[in-house]
>>> print(open('target.txt').read())   # compact mmCIF, C-alpha atoms
# COMPACT_ATOMS: atom_id res chain seq x y z
CA MET A 17 -17.31 -26.28 3.08
CA GLU A 18 -16.53 -23.54 0.58
CA TYR A 19 -16.78 -20.99 3.34
CA ILE A 20 -14.29 -22.89 5.49
CA ILE A 21 -11.81 -22.98 2.63
CA ILE A 22 -12.25 -19.24 2.05
CA ILE A 23 -11.74 -18.54 5.75
CA ILE A 24 -8.64 -20.69 6.22
CA SER A 25 -7.03 -19.50 3.03
CA ALA A 26 -7.65 -15.82 3.83
CA ILE A 27 -6.46 -15.99 7.44
CA LEU A 28 -3.51 -18.34 7.28
CA VAL A 29 -2.42 -19.31 3.78
CA ASN A 30 -2.78 -16.02 1.91
CA ASN A 31 -2.57 -13.71 4.89
CA ILE A 32 -3.50 -10.25 3.71
CA VAL A 33 -0.54 -8.50 5.30
CA LEU A 34 2.23 -11.05 5.31
CA ASN A 35 1.54 -12.67 1.98
CA GLN A 36 -0.34 -10.15 -0.14
CA PHE A 37 1.26 -6.99 1.27
CA LEU A 38 -2.00 -5.11 1.70
CA GLY A 39 -2.26 -2.83 4.71
CA VAL A 40 1.46 -2.78 5.43
CA CYS A 41 1.36 0.93 6.39
CA PRO A 42 -0.86 0.47 9.46
CA PHE A 43 0.93 -2.83 10.08
CA LEU A 44 4.18 -0.91 10.58
CA GLY A 45 2.60 2.28 11.90
CA VAL A 46 0.35 1.21 14.74
CA SER A 47 2.06 -1.97 15.87
CA LYS A 48 4.18 -0.52 18.66
CA LYS A 49 1.67 -1.46 21.37
CA ILE A 50 -0.79 -4.33 21.56
CA GLU A 51 -3.66 -2.04 22.66
CA THR A 52 -3.45 0.25 19.64
CA ALA A 53 -3.12 -2.82 17.42
CA ILE A 54 -6.41 -4.16 18.80
CA GLY A 55 -8.13 -0.79 18.27
CA MET A 56 -6.93 -0.60 14.69
CA THR A 57 -8.06 -4.15 14.03
CA GLY A 58 -11.55 -3.32 15.25
CA ALA A 59 -11.82 -0.27 13.04
CA VAL A 60 -10.47 -2.10 9.99
CA ALA A 61 -12.77 -5.08 10.49
CA PHE A 62 -15.80 -2.82 10.79
CA VAL A 63 -15.08 -0.74 7.70
CA MET A 64 -13.76 -3.64 5.62
CA VAL A 65 -16.96 -5.67 5.93
CA LEU A 66 -19.22 -2.65 5.35
CA ALA A 67 -17.14 -1.47 2.40
CA SER A 68 -17.13 -4.90 0.75
CA ILE A 69 -20.91 -5.10 0.94
CA VAL A 70 -21.48 -1.59 -0.42
CA THR A 71 -18.92 -1.87 -3.21
CA PHE A 72 -20.30 -5.29 -4.16
CA LEU A 73 -23.76 -3.78 -4.57
CA ILE A 74 -22.37 -0.85 -6.55
CA GLN A 75 -20.44 -3.13 -8.89
CA HIS A 76 -23.40 -5.39 -9.60
CA TYR A 77 -26.27 -2.93 -9.61
CA VAL A 78 -24.67 0.23 -10.95
CA LEU A 79 -21.39 -0.35 -12.77
CA ASN A 80 -22.18 -3.62 -14.57
CA PRO A 81 -25.69 -2.76 -15.86
CA PHE A 82 -24.48 0.53 -17.30
CA GLY A 83 -21.26 -0.95 -18.69
CA ILE A 84 -19.01 1.50 -16.87
CA GLU A 85 -16.70 -0.95 -15.12
CA TYR A 86 -13.73 1.30 -15.81
CA LEU A 87 -15.07 3.70 -13.17
CA GLN A 88 -14.45 1.00 -10.55
CA THR A 89 -11.38 2.60 -8.97
CA ILE A 90 -12.90 6.08 -8.70
CA SER A 91 -16.29 4.98 -7.43
CA PHE A 92 -14.89 2.49 -4.91
CA ILE A 93 -12.47 4.94 -3.33
CA LEU A 94 -15.17 7.60 -3.08
CA VAL A 95 -17.58 5.13 -1.52
CA ILE A 96 -14.97 4.04 1.00
CA ALA A 97 -14.04 7.61 1.87
CA SER A 98 -17.64 8.65 2.44
CA LEU A 99 -18.38 5.42 4.28
CA VAL A 100 -15.58 6.13 6.71
CA GLN A 101 -16.98 9.61 7.32
CA LEU A 102 -20.45 8.17 7.81
CA VAL A 103 -19.27 5.51 10.23
CA GLU A 104 -17.46 8.18 12.18
CA ILE A 105 -20.54 10.40 12.47
CA VAL A 106 -22.89 7.53 13.34
CA LEU A 107 -20.54 6.05 15.92
CA LYS A 108 -20.11 9.41 17.60
CA LYS A 109 -23.87 9.66 18.12
CA VAL A 110 -24.82 6.04 18.74
CA SER A 111 -21.95 4.59 20.70
CA PRO A 112 -19.57 7.14 22.20
CA ALA A 113 -17.66 4.35 23.97
CA LEU A 114 -16.88 2.56 20.71
CA TYR A 115 -16.06 5.90 19.11
CA GLN A 116 -13.56 6.56 21.88
CA ALA A 117 -11.88 3.24 21.16
CA LEU A 118 -11.85 3.39 17.35
CA GLY A 119 -12.09 7.13 16.69
CA VAL A 120 -8.43 7.92 16.15
CA PHE A 121 -8.02 5.11 13.69
CA LEU A 122 -11.00 5.83 11.46
CA PRO A 123 -9.57 8.73 9.42
CA LEU A 124 -6.45 6.68 8.75
CA ILE A 125 -8.51 3.95 7.17
CA THR A 126 -9.45 5.80 3.99
CA THR A 127 -5.90 5.42 2.73
CA ASN A 128 -5.54 1.87 4.01
CA CYS A 129 -5.00 -0.21 0.90
CA ALA A 130 -6.34 -3.33 2.63
CA ILE A 131 -9.89 -1.96 2.45
CA LEU A 132 -9.84 -1.04 -1.24
CA GLY A 133 -7.79 -4.15 -1.98
CA VAL A 134 -10.32 -6.51 -0.43
CA ALA A 135 -13.21 -4.70 -2.11
CA ILE A 136 -11.56 -5.17 -5.52
CA LEU A 137 -10.52 -8.76 -4.77
CA VAL A 138 -14.11 -9.68 -3.93
CA ILE A 139 -15.12 -8.53 -7.41
CA GLN A 140 -12.11 -10.11 -9.14
CA LYS A 141 -12.66 -13.49 -7.53
CA GLU A 142 -16.31 -13.37 -8.65
CA PHE A 143 -17.70 -14.15 -5.22
CA ASN A 144 -21.40 -13.83 -4.51
CA LEU A 145 -22.50 -11.49 -1.73
CA MET A 146 -22.37 -14.09 1.05
CA GLU A 147 -18.93 -15.35 0.02
CA GLY A 148 -17.77 -11.76 -0.25
CA VAL A 149 -18.83 -11.01 3.30
CA VAL A 150 -17.17 -14.17 4.60
CA TYR A 151 -14.01 -13.28 2.68
CA ALA A 152 -13.99 -9.75 4.13
CA VAL A 153 -14.51 -11.00 7.68
CA ALA A 154 -11.76 -13.60 7.29
CA ASN A 155 -9.37 -11.03 5.90
CA ALA A 156 -10.12 -8.70 8.78
CA ILE A 157 -9.31 -11.53 11.19
CA GLY A 158 -6.13 -12.28 9.28
CA PHE A 159 -5.13 -8.62 9.43
CA GLY A 160 -5.82 -8.54 13.17
CA LEU A 161 -3.92 -11.75 13.79
CA ALA A 162 -0.82 -10.54 11.96
CA LEU A 163 -1.02 -7.08 13.53
CA ILE A 164 -1.41 -8.32 17.11
CA ILE A 165 1.31 -10.98 16.85
CA PHE A 166 3.61 -8.39 15.33
CA ALA A 167 2.82 -5.84 18.05
CA GLY A 168 3.71 -8.47 20.63
CA LEU A 169 7.00 -9.16 18.85
CA ARG A 170 7.83 -5.47 18.70
CA GLU A 171 7.15 -4.93 22.38
CA HIS A 172 9.79 -7.59 23.03
CA THR A 173 12.40 -6.41 20.52
CA ASP A 174 12.21 -2.90 22.00
CA LEU A 175 13.70 -4.28 25.18
CA GLN A 176 16.43 -6.28 23.48
CA ASN A 177 19.94 -5.23 22.67
CA VAL A 178 19.63 -4.73 18.92
CA PRO A 179 22.70 -3.75 16.82
CA LYS A 180 22.77 0.02 16.45
CA GLY A 181 22.18 0.25 12.71
CA LEU A 182 19.22 -2.10 12.82
CA LYS A 183 17.33 -0.30 15.59
CA GLY A 184 13.76 0.76 14.90
CA VAL A 185 12.29 0.10 11.48
CA PRO A 186 14.93 -2.27 10.04
CA ILE A 187 14.63 -4.80 12.87
CA ALA A 188 10.83 -4.49 12.72
CA LEU A 189 10.90 -5.32 9.00
CA ILE A 190 13.22 -8.25 9.52
CA SER A 191 11.04 -9.69 12.28
CA ALA A 192 8.04 -9.21 9.99
CA GLY A 193 9.95 -11.24 7.42
CA ILE A 194 10.51 -14.04 9.89
CA LEU A 195 6.84 -13.91 10.89
CA ALA A 196 5.92 -14.15 7.19
CA MET A 197 8.21 -17.18 6.93
CA ALA A 198 6.32 -18.80 9.79
CA PHE A 199 3.04 -18.18 7.98
CA MET A 200 4.49 -19.80 4.86
CA GLY A 201 4.37 -23.03 6.80
CA PHE A 202 0.61 -22.97 6.32
CA SER A 203 0.81 -23.01 2.53
CA GLY A 204 -0.51 -26.23 1.14
CA ILE A 205 -3.22 -26.67 3.76
CA VAL A 206 -5.94 -25.70 1.33
CA MET B 10 14.54 26.47 -2.80
CA ASN B 11 16.25 26.13 -6.13
CA GLN B 12 14.71 23.76 -8.64
CA TRP B 13 17.61 21.32 -8.83
CA LYS B 14 17.56 20.77 -5.07
CA ASN B 15 13.79 20.43 -5.27
CA PHE B 16 14.23 17.73 -7.90
CA THR B 17 17.01 15.73 -6.23
CA LYS B 18 15.64 15.68 -2.69
CA GLY B 19 13.47 12.67 -3.51
CA PHE B 20 16.41 10.39 -4.22
CA ILE B 21 18.31 10.17 -0.96
CA LYS B 22 17.47 12.88 1.56
CA GLU B 23 13.68 12.58 1.40
CA ASN B 24 13.41 9.27 -0.39
CA PRO B 25 9.76 8.28 0.10
CA VAL B 26 10.52 4.61 0.74
CA PHE B 27 13.89 4.45 2.46
CA VAL B 28 13.62 7.57 4.62
CA LEU B 29 9.96 8.56 4.93
CA LEU B 30 8.66 4.95 4.91
CA LEU B 31 5.61 5.77 2.80
CA GLY B 32 3.98 3.60 0.18
CA MET B 33 5.11 0.36 1.77
CA CYS B 34 2.45 -1.86 0.20
CA PRO B 35 3.49 -1.50 -3.46
CA THR B 36 7.14 -1.37 -2.37
CA LEU B 37 6.94 -4.83 -0.87
CA GLY B 38 4.31 -6.28 -3.15
CA THR B 39 5.68 -5.49 -6.59
CA THR B 40 9.43 -5.88 -6.22
CA GLY B 41 9.77 -9.58 -6.97
CA THR B 42 11.84 -8.60 -10.00
CA ALA B 43 13.66 -5.41 -11.00
CA ILE B 44 11.41 -4.90 -14.04
CA ASN B 45 8.23 -5.03 -11.99
CA GLY B 46 9.66 -2.60 -9.47
CA LEU B 47 10.67 -0.18 -12.22
CA GLY B 48 7.27 -0.47 -13.94
CA MET B 49 5.41 0.20 -10.72
CA GLY B 50 7.71 3.12 -9.93
CA LEU B 51 7.17 4.73 -13.33
CA ALA B 52 3.40 4.24 -13.19
CA THR B 53 3.35 5.96 -9.80
CA THR B 54 5.61 8.73 -11.11
CA PHE B 55 3.16 9.46 -13.91
CA VAL B 56 0.23 9.64 -11.50
CA LEU B 57 2.25 11.78 -9.11
CA VAL B 58 3.33 14.31 -11.75
CA MET B 59 -0.11 14.61 -13.32
CA SER B 60 -1.97 14.88 -10.03
CA ASN B 61 0.52 17.45 -8.72
CA LEU B 62 -0.02 19.43 -11.94
CA VAL B 63 -3.81 19.37 -11.74
CA VAL B 64 -3.98 19.96 -7.99
CA SER B 65 -1.69 22.93 -8.32
CA LEU B 66 -3.90 24.27 -11.15
CA ILE B 67 -7.15 23.99 -9.24
CA LYS B 68 -5.85 24.77 -5.77
CA ASN B 69 -7.62 28.12 -5.59
CA MET B 70 -10.93 26.80 -6.87
CA ILE B 71 -11.64 24.08 -4.31
CA PRO B 72 -13.04 25.01 -0.90
CA ASP B 73 -10.81 23.98 1.95
CA LYS B 74 -13.31 21.56 3.49
CA VAL B 75 -13.65 19.25 0.49
CA ARG B 76 -10.06 19.39 -0.68
CA ILE B 77 -9.15 15.83 0.30
CA PRO B 78 -12.05 14.19 -1.61
CA ALA B 79 -11.30 16.49 -4.55
CA PHE B 80 -7.65 15.41 -4.55
CA ILE B 81 -8.69 11.76 -4.37
CA VAL B 82 -10.92 12.15 -7.43
CA VAL B 83 -8.08 13.78 -9.37
CA ILE B 84 -5.69 10.99 -8.36
CA ALA B 85 -8.21 8.26 -9.12
CA THR B 86 -8.75 9.70 -12.60
CA PHE B 87 -5.08 9.40 -13.49
CA VAL B 88 -4.84 5.96 -11.93
CA THR B 89 -7.69 4.83 -14.16
CA ILE B 90 -5.85 6.24 -17.19
CA VAL B 91 -2.68 4.35 -16.22
CA GLU B 92 -4.70 1.19 -15.66
CA MET B 93 -6.33 1.33 -19.09
CA VAL B 94 -3.18 2.31 -21.00
CA MET B 95 -1.13 -0.38 -19.29
CA GLN B 96 -3.75 -3.04 -19.93
CA ALA B 97 -3.74 -2.15 -23.61
CA TYR B 98 -0.01 -1.74 -24.28
CA LEU B 99 1.81 -3.69 -21.55
CA PRO B 100 -0.55 -6.56 -20.74
CA SER B 101 2.14 -8.80 -19.21
CA LEU B 102 3.35 -6.09 -16.81
CA PHE B 103 -0.28 -5.28 -15.99
CA GLU B 104 -0.85 -8.94 -15.22
CA SER B 105 2.11 -9.22 -12.86
CA LEU B 106 1.44 -5.96 -11.01
CA GLY B 107 -2.22 -6.90 -10.76
CA LEU B 108 -4.08 -5.39 -7.85
CA PHE B 109 -1.37 -2.87 -7.10
CA ILE B 110 -2.20 -0.68 -10.11
CA PRO B 111 -5.65 0.41 -8.83
CA LEU B 112 -4.11 0.63 -5.37
CA ILE B 113 -1.91 3.56 -6.49
CA VAL B 114 -4.99 5.58 -5.48
CA VAL B 115 -4.39 4.86 -1.82
CA ASN B 116 -0.62 5.27 -2.01
CA CYS B 117 0.08 7.77 0.76
CA ILE B 118 2.93 9.33 -1.24
CA VAL B 119 0.61 10.65 -3.95
CA LEU B 120 -1.99 12.13 -1.62
CA GLY B 121 0.75 13.35 0.68
CA ARG B 122 2.48 15.35 -2.06
CA ALA B 123 -0.83 16.77 -3.30
CA GLU B 124 -1.74 17.92 0.17
CA ALA B 125 1.65 19.00 1.46
CA PHE B 126 3.25 20.42 -1.67
CA ALA B 127 1.10 20.91 -4.77
CA SER B 128 -1.75 22.65 -2.96
CA LYS B 129 0.68 25.33 -1.77
CA ASN B 130 3.08 25.82 -4.69
CA ASN B 131 2.97 26.97 -8.29
CA ILE B 132 2.67 24.66 -11.27
CA LYS B 133 6.31 24.44 -12.29
CA THR B 134 7.62 23.68 -8.80
CA SER B 135 4.83 21.13 -8.27
CA ILE B 136 5.68 19.25 -11.46
CA ILE B 137 9.37 19.14 -10.55
CA ASP B 138 8.52 17.99 -7.05
CA GLY B 139 6.28 15.24 -8.42
CA LEU B 140 8.95 14.13 -10.88
CA GLY B 141 11.67 14.09 -8.19
CA ILE B 142 9.67 12.19 -5.59
CA GLY B 143 8.25 9.84 -8.23
CA LEU B 144 11.66 8.97 -9.67
CA GLY B 145 13.01 8.58 -6.13
CA PHE B 146 10.23 6.07 -5.52
CA ALA B 147 11.00 4.28 -8.79
CA PHE B 148 14.69 4.27 -7.87
CA ALA B 149 13.97 2.69 -4.48
CA LEU B 150 11.69 0.05 -6.02
CA THR B 151 14.27 -0.80 -8.69
CA ILE B 152 17.01 -1.21 -6.08
CA LEU B 153 14.86 -3.45 -3.92
CA GLY B 154 13.65 -5.37 -6.97
CA SER B 155 17.19 -5.88 -8.27
CA ALA B 156 18.44 -7.05 -4.88
CA ARG B 157 15.60 -9.55 -4.54
CA GLU B 158 15.87 -10.80 -8.11
CA LEU B 159 19.65 -11.19 -7.90
CA LEU B 160 19.64 -12.97 -4.54
CA GLY B 161 16.59 -15.05 -5.35
CA SER B 162 17.15 -16.24 -8.89
CA GLY B 163 20.62 -15.05 -9.90
CA LYS B 164 19.20 -12.74 -12.55
CA LEU B 165 19.19 -8.99 -13.04
CA PHE B 166 16.57 -7.49 -15.39
CA ASN B 167 16.08 -11.05 -16.71
CA ILE B 168 19.78 -11.45 -17.58
CA THR B 169 21.36 -14.40 -15.86
CA ILE B 170 24.28 -13.41 -13.62
CA TYR B 171 24.82 -16.76 -11.93
CA SER B 172 23.04 -20.09 -11.99
CA GLU B 173 19.56 -20.16 -10.51
CA ASP B 174 20.56 -23.23 -8.47
CA TYR B 175 22.56 -21.02 -6.13
CA GLY B 176 19.72 -18.52 -5.64
CA MET B 177 17.89 -18.18 -2.33
CA LEU B 178 14.28 -18.62 -3.36
CA ILE B 179 13.07 -17.01 -0.14
CA PHE B 180 14.00 -13.56 -1.46
CA ILE B 181 11.48 -13.80 -4.27
CA LEU B 182 8.76 -14.94 -1.89
CA ALA B 183 6.95 -12.72 0.59
CA PRO B 184 9.32 -12.97 3.61
CA GLY B 185 12.30 -11.95 1.50
CA ALA B 186 10.65 -8.62 0.70
CA PHE B 187 10.53 -7.65 4.36
CA ILE B 188 14.02 -8.88 5.11
CA ALA B 189 15.69 -7.27 2.08
CA LEU B 190 13.98 -3.93 2.73
CA GLY B 191 14.98 -4.09 6.40
CA TYR B 192 18.65 -4.48 5.54
CA ILE B 193 18.56 -1.79 2.83
CA ILE B 194 17.02 0.70 5.26
CA ALA B 195 19.66 -0.20 7.85
CA VAL B 196 22.41 0.59 5.31
CA ILE B 197 20.74 3.88 4.27
CA ASN B 198 20.37 4.92 7.92
CA ARG B 199 24.05 4.26 8.45
CA LEU B 200 25.02 6.30 5.35
CA ASN B 201 22.78 9.21 6.32
CA LYS B 202 24.29 9.27 9.80
CA LYS B 203 27.80 9.39 8.36
CA ASN B 204 26.91 12.35 6.14
CA ALA B 205 25.30 14.28 8.95
>>> encode(input="target.txt", output="structure tokens")
Amino acid sequence: MEYIIIIISAILVNNIVLNQFLGVCPFLGVSKKIETAIGMTGAVAFVMVLASIVTFLIQHYVLNPFGIEYLQTISFILVIASLVQLVEIVLKKVSPALYQALGVFLPLITTNCAILGVAILVIQKEFNLMEGVVYAVANAIGFGLALIIFAGLREHTDLQNVPKGLKGVPIALISAGILAMAFMGFSGIV
Amino acid sequence: MNQWKNFTKGFIKENPVFVLLLGMCPTLGTTGTAINGLGMGLATTFVLVMSNLVVSLIKNMIPDKVRIPAFIVVIATFVTIVEMVMQAYLPSLFESLGLFIPLIVVNCIVLGRAEAFASKNNIKTSIIDGLGIGLGFAFALTILGSARELLGSGKLFNITIYSEDYGMLIFILAPGAFIALGYIIAVINRLNKKNA
């Protein structure tokens, strides 16, 4: 039951992009086409889950026992950066097809605040490892959902007759706002 | 480039938020009120100036291949300092900015300036560049924060301008951030086009 609440709240009620504003850069950057949106979602989901597990272990088996919690930011970002490199190298060797699909997006992920954000949130919310993994997976799904819906919206607005001043980014932001409003309808479910 | 131009470019011409569209997460996430926006902007400015300073100092010592991780460590150090100082002296601001303080580490503006500017220029120019871009960022956040606070609750920097009953609550909530920023960027685009 707890897991279901975590999942619904992370995907719909507190959507990571539309409600918590994490990962807005890729949300605006790679949402021009549905295909790239799907590729980015895959890469983010992969790294987000791995990163949450590794940072969880670091927090509880390295930082807490030695009383050096203030090194959280530094150690987490380094772990994520090296993890991204590692994933890139391993994928290249093990699954060239997957690397082809996700490759371009992987380097961008190091500076994706959604990854670091979720890793820190897992610690802040005092989840155990299993809950942390579920939370990371749910957030990745939420990110994908928002990104893919938004990419679909943008493909349509590109073909519409938008007022001159609003073309491009402004209209994209305003449609994101309306999408966020739609997601607000879910608040109160959990 | 003369120093004054170097300093002022961050405000309008190369404003990191309105023109370059960098650092969107803290821009949208922390501008519920003008004070929060200003606080976030100044915290980022501090990190930006200090990291530009240090990166420009050590630029000849780090091998090219590991420069990005090295920059990230420098940035993360100053973010940790900001985090601890803010927690000690401004606990209420720290509380309301929350997660976005540690997330200054992954703000693309900071890493972008370190990589594109500070690693190629001398110390003085790098500090001025950091200060200009940082204050431009703070300026953008304060504008967005003021607009949202005024439209949403009828207040500006916590001073009541008109009754809260007439405010549009949506502007304080998440969707309002996107919509307000969209319209501000539209206006800035229009102004830039007129000047050009």
>>> atom_distance(input="target.txt", atom1="atom CA of B:Val196", atom2="atom CA of A:Lys48")
22.6 Å
>>> closest_atom_pairs(input="target.txt", of="chain B", to="chain A", cutoff="9 Å", atoms="all atoms listed in the file", output="JSON lines")
{"residue": "B:Leu30", "atom": "CA", "partner": "A:Cys41", "partner_atom": "CA", "distance": 8.5}
{"residue": "B:Leu31", "atom": "CA", "partner": "A:Cys41", "partner_atom": "CA", "distance": 7.4}
{"residue": "B:Gly32", "atom": "CA", "partner": "A:Cys41", "partner_atom": "CA", "distance": 7.2}
{"residue": "B:Met33", "atom": "CA", "partner": "A:Cys41", "partner_atom": "CA", "distance": 6.0}
{"residue": "B:Cys34", "atom": "CA", "partner": "A:Phe37", "partner_atom": "CA", "distance": 5.4}
{"residue": "B:Pro35", "atom": "CA", "partner": "A:Phe37", "partner_atom": "CA", "distance": 7.6}
{"residue": "B:Thr36", "atom": "CA", "partner": "A:Phe37", "partner_atom": "CA", "distance": 8.9}
{"residue": "B:Leu37", "atom": "CA", "partner": "A:Phe37", "partner_atom": "CA", "distance": 6.4}
{"residue": "B:Gly38", "atom": "CA", "partner": "A:Phe37", "partner_atom": "CA", "distance": 5.4}
{"residue": "B:Pro78", "atom": "CA", "partner": "A:Leu94", "partner_atom": "CA", "distance": 7.4}
{"residue": "B:Ile81", "atom": "CA", "partner": "A:Leu94", "partner_atom": "CA", "distance": 7.8}
{"residue": "B:Val82", "atom": "CA", "partner": "A:Ile90", "partner_atom": "CA", "distance": 6.5}
{"residue": "B:Ile84", "atom": "CA", "partner": "A:Ile90", "partner_atom": "CA", "distance": 8.7}
{"residue": "B:Ala85", "atom": "CA", "partner": "A:Ile90", "partner_atom": "CA", "distance": 5.2}
{"residue": "B:Thr86", "atom": "CA", "partner": "A:Ile90", "partner_atom": "CA", "distance": 6.7}
{"residue": "B:Val88", "atom": "CA", "partner": "A:Thr89", "partner_atom": "CA", "distance": 7.9}
{"residue": "B:Thr89", "atom": "CA", "partner": "A:Thr89", "partner_atom": "CA", "distance": 6.7}
{"residue": "B:Met93", "atom": "CA", "partner": "A:Tyr86", "partner_atom": "CA", "distance": 8.1}
{"residue": "B:Leu108", "atom": "CA", "partner": "A:Gly133", "partner_atom": "CA", "distance": 7.1}
{"residue": "B:Phe109", "atom": "CA", "partner": "A:Gly133", "partner_atom": "CA", "distance": 8.3}
{"residue": "B:Pro111", "atom": "CA", "partner": "A:Thr89", "partner_atom": "CA", "distance": 6.1}
{"residue": "B:Leu112", "atom": "CA", "partner": "A:Cys129", "partner_atom": "CA", "distance": 6.4}
{"residue": "B:Ile113", "atom": "CA", "partner": "A:Cys129", "partner_atom": "CA", "distance": 8.9}
{"residue": "B:Val114", "atom": "CA", "partner": "A:Ile93", "partner_atom": "CA", "distance": 7.8}
{"residue": "B:Val115", "atom": "CA", "partner": "A:Thr127", "partner_atom": "CA", "distance": 4.8}
{"residue": "B:Asn116", "atom": "CA", "partner": "A:Thr127", "partner_atom": "CA", "distance": 7.1}
{"residue": "B:Cys117", "atom": "CA", "partner": "A:Thr127", "partner_atom": "CA", "distance": 6.7}
{"residue": "B:Leu120", "atom": "CA", "partner": "A:Thr127", "partner_atom": "CA", "distance": 8.9}
{"residue": "B:Ile179", "atom": "CA", "partner": "A:Met197", "partner_atom": "CA", "distance": 8.6}
{"residue": "B:Leu182", "atom": "CA", "partner": "A:Asn35", "partner_atom": "CA", "distance": 8.5}
{"residue": "B:Ala183", "atom": "CA", "partner": "A:Asn35", "partner_atom": "CA", "distance": 5.6}
{"residue": "B:Pro184", "atom": "CA", "partner": "A:Gly193", "partner_atom": "CA", "distance": 4.2}
{"residue": "B:Gly185", "atom": "CA", "partner": "A:Gly193", "partner_atom": "CA", "distance": 6.4}
{"residue": "B:Ala186", "atom": "CA", "partner": "A:Gly193", "partner_atom": "CA", "distance": 7.2}
{"residue": "B:Phe187", "atom": "CA", "partner": "A:Gly193", "partner_atom": "CA", "distance": 4.8}
{"residue": "B:Ile188", "atom": "CA", "partner": "A:Ile190", "partner_atom": "CA", "distance": 4.5}
{"residue": "B:Ala189", "atom": "CA", "partner": "A:Ile190", "partner_atom": "CA", "distance": 7.9}
{"residue": "B:Leu190", "atom": "CA", "partner": "A:Leu189", "partner_atom": "CA", "distance": 7.1}
{"residue": "B:Gly191", "atom": "CA", "partner": "A:Pro186", "partner_atom": "CA", "distance": 4.1}
{"residue": "B:Tyr192", "atom": "CA", "partner": "A:Pro186", "partner_atom": "CA", "distance": 6.2}
{"residue": "B:Ile193", "atom": "CA", "partner": "A:Pro186", "partner_atom": "CA", "distance": 8.1}
{"residue": "B:Ile194", "atom": "CA", "partner": "A:Pro186", "partner_atom": "CA", "distance": 6.0}
{"residue": "B:Ala195", "atom": "CA", "partner": "A:Leu182", "partner_atom": "CA", "distance": 5.3}
{"residue": "B:Val196", "atom": "CA", "partner": "A:Gly181", "partner_atom": "CA", "distance": 7.4}
{"residue": "B:Asn198", "atom": "CA", "partner": "A:Gly181", "partner_atom": "CA", "distance": 6.9}
{"residue": "B:Arg199", "atom": "CA", "partner": "A:Gly181", "partner_atom": "CA", "distance": 6.1}
>>> atom_distance(input="target.txt", atom1="atom CA of A:Leu118", atom2="atom CA of A:Leu66")
15.3 Å
>>> atom_distance(input="target.txt", atom1="atom CA of B:Gly141", atom2="atom CA of B:Phe126")
12.4 Å
>>> closest_residue(input="target.txt", among="B:Gly19, B:Lys68, B:Gly161, B:Asp73", to="B:Asn130", atoms="all atoms listed in the file")
B:Lys68
>>> residues_around(input="target.txt", residues="B:Asn167", least_positions_apart="5", cutoff="10 Å", atoms="only C-alpha atoms", output="PDB file with C-alpha atoms, in the coordinates of the input")
ATOM      1  CA  THR B  42      11.840  -8.600 -10.000  1.00  0.00           C
ATOM      2  CA  ALA B  43      13.660  -5.410 -11.000  1.00  0.00           C
ATOM      3  CA  ILE B  44      11.410  -4.900 -14.040  1.00  0.00           C
ATOM      4  CA  SER B 155      17.190  -5.880  -8.270  1.00  0.00           C
ATOM      5  CA  GLU B 158      15.870 -10.800  -8.110  1.00  0.00           C
ATOM      6  CA  LEU B 159      19.650 -11.190  -7.900  1.00  0.00           C
ATOM      7  CA  SER B 162      17.150 -16.240  -8.890  1.00  0.00           C
TER       8      SER B 162
END
>>> residues_near_point(input="target.txt", point="(9.8, 12.7, -2.8)", cutoff="9 Å", atoms="only C-alpha atoms", output="count of residues only")
22
>>> residues_around(input="target.txt", residues="stretch 69-75 of chain A", least_positions_apart="5", cutoff="8 Å", atoms="only C-alpha atoms", output="JSON, numbers by chain")
{"A": [80, 85, 88, 92, 95, 135, 138, 139, 145, 148, 149]}
>>> residues_around(input="target.txt", residues="B:Leu51", least_positions_apart="3", cutoff="8 Å", atoms="only C-alpha atoms", output="list of chain:residue names")
B:Leu47, B:Gly48, B:Thr54, B:Phe55, B:Gly143, B:Leu144, B:Ala147
>>> closest_residue(input="target.txt", among="B:Ser128, B:Glu92, B:Gly107, B:Leu153", to="B:Val56", atoms="only C-alpha atoms")
B:Glu92
>>> residues_around(input="target.txt", residues="A:Thr52", least_positions_apart="3", cutoff="10 Å", atoms="all atoms listed in the file", output="list in words")
Val46, Ser47, Lys48, Lys49, Gly55, Met56, Thr57, Gly58, Ala117, Leu118, Val120, Phe121, Leu163, Ile164 and Ala167 of chain A
>>> write_last_selection(input="target.txt", atoms="C-alpha atoms", output="compact mmCIF listing (two decimals), keeping the file's coordinate frame")
# COMPACT_ATOMS: atom_id res chain seq x y z
CA VAL A 46 0.35 1.21 14.74
CA SER A 47 2.06 -1.97 15.87
CA LYS A 48 4.18 -0.52 18.66
CA LYS A 49 1.67 -1.46 21.37
CA GLY A 55 -8.13 -0.79 18.27
CA MET A 56 -6.93 -0.60 14.69
CA THR A 57 -8.06 -4.15 14.03
CA GLY A 58 -11.55 -3.32 15.25
CA ALA A 117 -11.88 3.24 21.16
CA LEU A 118 -11.85 3.39 17.35
CA VAL A 120 -8.43 7.92 16.15
CA PHE A 121 -8.02 5.11 13.69
CA LEU A 163 -1.02 -7.08 13.53
CA ILE A 164 -1.41 -8.32 17.11
CA ALA A 167 2.82 -5.84 18.05
>>> residues_near_point(input="target.txt", point="(3.9, 25.0, -5.1)", cutoff="12 Å", atoms="all atoms listed in the file", output="number ranges by chain")
B: 10, 12, 15, 61-69, 122-139
>>> closest_residue(input="target.txt", among="B:Met70, B:Leu106, B:Ile77, B:Leu99", to="B:Thr39", atoms="only C-alpha atoms")
B:Leu106
